[in-house]
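> Here you go, one structure.
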Amino acid sequence: SSAFDRQHFMEHPDMYQSQFASHVLPYLTAFINAIFWDYQYPRLITKEDMRELYEAGNNRLLLISDVSCDIGGSVEFLSRSTTIDRPCFQYDPILEKEVSDVVKDEGVTVFGVDILPTELPVEASNHFGTQLLRIMPDLVESASVSKEDPLMVQIDPSKLAPSLSKAVITTHDGKLANDFRYLRPILEHSSQTQNGEGESISI
């Protein structure tokens with residue numbers, strides 16, 4: 001073993017194994033996962049990790065809330081996204097499968113609502129509305145009607161304040177903005193999986 005080299009890890013993630021399952025997971029009763037994960041990187045928790053933990057008599061973990069909601073991603077047994085009405089399912093680590101869509105005493109409760117950020121309470125909605133009113137003049141000033149499609153409105157990021165222009169993910173022609181080009185390989189991989197060319201991931 002040697003000292004951790006972050007740059008090497010970023011360039012060669014496939015050469016690494018996560019120690020989360022062996023060093024952290026055995027001591028948790030609840031885990032909230034909100035990390036960015038890419039298919040090239042090692043998973044935090046695999047099905048095998050959870051099965052071995054249960055077979056060793058450790059059933060301390062009661063709940064996993066996967067906010068990032070990468071299906072089959074950093075938490076391998078998040079097999080599907082859940083809904084606001086039915087936000088959880090029960091996972092059996094020994095059988096390695098979902099056994100119920102309601103919370104029960106046995107197994108691990110998995111929470112995987114992919115639209116969770118849209119569930120805003122009234123106070124948060126009022127706050128964001130107030131902030132939006134402050135930037136509306138900039139948005140209106142930078143907007144123009146597309147020459148190709150009169151029903152389409154384009155935003156010119158160069159006319160926006162830096163705080164807004166940095167939040168623009170794509171250009172008017174659908175290309176990724178400079179700050180978000182790191183998403184390109186993920187989008188390409190996702191497109192391939194939709195055509196049946198590889199494993200499915202969620203971004």
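If you're wondering about the labels, chains in the structure tokens are A, B, ... by order shown, residues count from 1 in each chain, ligands from 1 in order shown.
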Quick one: DSSP strand (DSSP E) residues in region 62-192 of chain A, as a list in words?
Leu63, Ile64, Ser65, Asp66, Cys88, Phe89, Gln90, Tyr91, Asp92, Lys97, Glu98, Val99, Ser100, Val108, Thr109, Val110, Phe111, Ala143, Ser144, Val145, Val153, Gln154 and Ile155 of chain A
> Please tabulate, as CSV, the residues of region 45-67 of chain A that come within 6 Å of region 12-32 of chain A, each with its closest pair of atoms and the distance in Å to one decimal, counting only C-alpha atoms and ordering rows by chain, then residue number upward.

residue,atom,partner,partner_atom,distance
A:Ile45,CA,A:Ala21,CA,5.9
A:Arg60,CA,A:Thr29,CA,5.3
A:Leu61,CA,A:Thr29,CA,4.0
A:Leu62,CA,A:Thr29,CA,5.3
A:Leu63,CA,A:Ala30,CA,4.7
A:Ile64,CA,A:Phe31,CA,4.8
A:Ser65,CA,A:Ile32,CA,4.7
A:Asp66,CA,A:Ile32,CA,5.9
> Measure the distance from CA of Met152 (chain A) to CA of His172 (chain A) in Å and round it to one decimal.
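Computing it gives 9.8 Å between the two atoms.
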> Region 66-168 of chain A: which residues are helix (DSSP H, G or I) by DSSP, as number ranges by chain?
A: 116-118, 122-142, 157-159, 162-165
> Give me a file of those residues, with N, CA, C and O atoms, as a compact mmCIF listing (two decimals), in the first residue's frame.

# COMPACT_ATOMS: atom_id res chain seq x y z
N LEU A 116 -36.80 14.03 -5.26
CA LEU A 116 -36.86 14.61 -3.93
C LEU A 116 -36.60 16.13 -3.92
O LEU A 116 -37.27 16.86 -3.19
N PRO A 117 -35.64 16.64 -4.71
CA PRO A 117 -35.40 18.10 -4.68
C PRO A 117 -36.62 18.94 -5.08
O PRO A 117 -36.66 20.13 -4.80
N THR A 118 -37.60 18.35 -5.77
CA THR A 118 -38.77 19.12 -6.17
C THR A 118 -39.82 19.19 -5.06
O THR A 118 -40.79 19.94 -5.17
N VAL A 122 -43.51 25.01 1.89
CA VAL A 122 -43.98 26.36 1.56
C VAL A 122 -42.90 27.39 1.83
O VAL A 122 -42.66 28.30 1.03
N GLU A 123 -42.19 27.26 2.97
CA GLU A 123 -41.18 28.25 3.32
C GLU A 123 -40.06 28.29 2.28
O GLU A 123 -39.62 29.37 1.86
N ALA A 124 -39.62 27.11 1.84
CA ALA A 124 -38.56 27.05 0.83
C ALA A 124 -39.05 27.60 -0.50
O ALA A 124 -38.33 28.30 -1.21
N SER A 125 -40.30 27.28 -0.85
CA SER A 125 -40.86 27.76 -2.11
C SER A 125 -40.93 29.29 -2.12
O SER A 125 -40.58 29.94 -3.12
N ASN A 126 -41.36 29.89 -1.00
CA ASN A 126 -41.41 31.35 -0.90
C ASN A 126 -40.02 31.96 -1.01
O ASN A 126 -39.82 32.99 -1.66
N HIS A 127 -39.05 31.32 -0.37
CA HIS A 127 -37.67 31.84 -0.40
C HIS A 127 -37.12 31.81 -1.83
O HIS A 127 -36.56 32.81 -2.30
N PHE A 128 -37.27 30.66 -2.51
CA PHE A 128 -36.75 30.55 -3.87
C PHE A 128 -37.49 31.50 -4.82
O PHE A 128 -36.89 32.05 -5.75
N GLY A 129 -38.78 31.69 -4.57
CA GLY A 129 -39.54 32.63 -5.40
C GLY A 129 -39.00 34.04 -5.26
O GLY A 129 -38.88 34.78 -6.25
N THR A 130 -38.68 34.43 -4.02
CA THR A 130 -38.12 35.77 -3.78
C THR A 130 -36.78 35.94 -4.47
O THR A 130 -36.49 36.98 -5.08
N GLN A 131 -35.93 34.89 -4.41
CA GLN A 131 -34.62 34.96 -5.07
C GLN A 131 -34.77 35.02 -6.59
O GLN A 131 -34.03 35.72 -7.27
N LEU A 132 -35.76 34.29 -7.11
CA LEU A 132 -35.98 34.28 -8.56
C LEU A 132 -36.41 35.65 -9.07
O LEU A 132 -35.98 36.09 -10.16
N LEU A 133 -37.21 36.37 -8.29
CA LEU A 133 -37.65 37.71 -8.69
C LEU A 133 -36.46 38.64 -8.88
O LEU A 133 -36.48 39.52 -9.74
N ARG A 134 -35.41 38.44 -8.10
CA ARG A 134 -34.23 39.30 -8.18
C ARG A 134 -33.45 39.11 -9.47
O ARG A 134 -32.78 40.03 -9.94
N ILE A 135 -33.51 37.89 -10.03
CA ILE A 135 -32.72 37.63 -11.24
C ILE A 135 -33.56 37.69 -12.52
O ILE A 135 -33.02 37.59 -13.62
N MET A 136 -34.87 37.87 -12.39
CA MET A 136 -35.73 37.92 -13.57
C MET A 136 -35.33 39.01 -14.56
O MET A 136 -35.33 38.76 -15.78
N PRO A 137 -34.96 40.22 -14.11
CA PRO A 137 -34.56 41.25 -15.08
C PRO A 137 -33.39 40.79 -15.95
O PRO A 137 -33.37 41.04 -17.17
N ASP A 138 -32.38 40.12 -15.34
CA ASP A 138 -31.25 39.62 -16.11
C ASP A 138 -31.68 38.57 -17.12
O ASP A 138 -31.21 38.56 -18.27
N LEU A 139 -32.57 37.69 -16.71
CA LEU A 139 -33.03 36.64 -17.61
C LEU A 139 -33.79 37.22 -18.81
O LEU A 139 -33.61 36.81 -19.95
N VAL A 140 -34.64 38.20 -18.52
CA VAL A 140 -35.42 38.84 -19.59
C VAL A 140 -34.49 39.58 -20.55
O VAL A 140 -34.65 39.53 -21.78
N GLU A 141 -33.51 40.27 -20.00
CA GLU A 141 -32.58 41.06 -20.81
C GLU A 141 -31.74 40.16 -21.73
O GLU A 141 -31.40 40.55 -22.86
N SER A 142 -31.43 38.96 -21.27
CA SER A 142 -30.56 38.07 -22.05
C SER A 142 -31.34 37.18 -23.01
O SER A 142 -30.75 36.44 -23.79
N PRO A 157 -25.77 33.54 -22.35
CA PRO A 157 -25.08 33.54 -21.06
C PRO A 157 -24.14 34.72 -20.86
O PRO A 157 -23.89 35.13 -19.73
N SER A 158 -23.62 35.27 -21.95
CA SER A 158 -22.68 36.39 -21.83
C SER A 158 -23.34 37.64 -21.26
O SER A 158 -22.67 38.54 -20.76
N LYS A 159 -24.67 37.70 -21.32
CA LYS A 159 -25.39 38.85 -20.79
C LYS A 159 -25.87 38.64 -19.35
O LYS A 159 -26.50 39.52 -18.77
N PRO A 162 -22.34 36.63 -13.49
CA PRO A 162 -21.53 35.41 -13.34
C PRO A 162 -22.22 34.31 -12.55
O PRO A 162 -22.11 33.13 -12.88
N SER A 163 -22.96 34.68 -11.51
CA SER A 163 -23.64 33.68 -10.69
C SER A 163 -24.68 32.90 -11.49
O SER A 163 -24.95 31.74 -11.20
N LEU A 164 -25.23 33.54 -12.53
CA LEU A 164 -26.21 32.87 -13.38
C LEU A 164 -25.56 32.15 -14.55
O LEU A 164 -25.94 31.03 -14.89
N SER A 165 -24.59 32.79 -15.17
CA SER A 165 -23.96 32.19 -16.35
C SER A 165 -23.26 30.88 -16.00
O SER A 165 -23.22 29.94 -16.80
> What is the CA of Phe89 (chain A) to CA of Ala34 (chain A) distance in Å?
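That distance, rounded to one decimal, is 18.4 Å.
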> Which polymer residues have any atom within 9 Å of an atom of region 93-108 of chain A, counting only C-alpha atoms, with same-chain residues fewer than 2 positions away left out, as a list in words?
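Listing them by chain and then by number gives Lys47, Glu48, Asp49, Met50, Arg51, Glu52, Leu53, Tyr54, Glu55, Asn59, Leu61, Leu62, Leu63, Ile64, Phe77, Ser79, Arg86, Pro87, Cys88, Phe89, Gln90, Tyr91 and Val110 of chain A.
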> Show which residues sit within 10 Å of Lys166 (chain A), as a list of chain:residue names. Count only C-alpha atoms, and ignore same-chain residues fewer than 3 positions away.
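After dropping sequence-adjacent residues, the list is A:Pro157, A:Leu160, A:Ala161, A:Pro162, A:Ser163, A:Ile169, A:Ala177, A:Asn178, A:Asp179, A:Phe180.
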> Which one of A:Ala56, A:Ile155, A:Ala3, A:Ile186 sits closest to Phe36 (chain A) if you count only C-alpha atoms?
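For Phe36 (chain A), the nearest of the candidates is A:Ile186.
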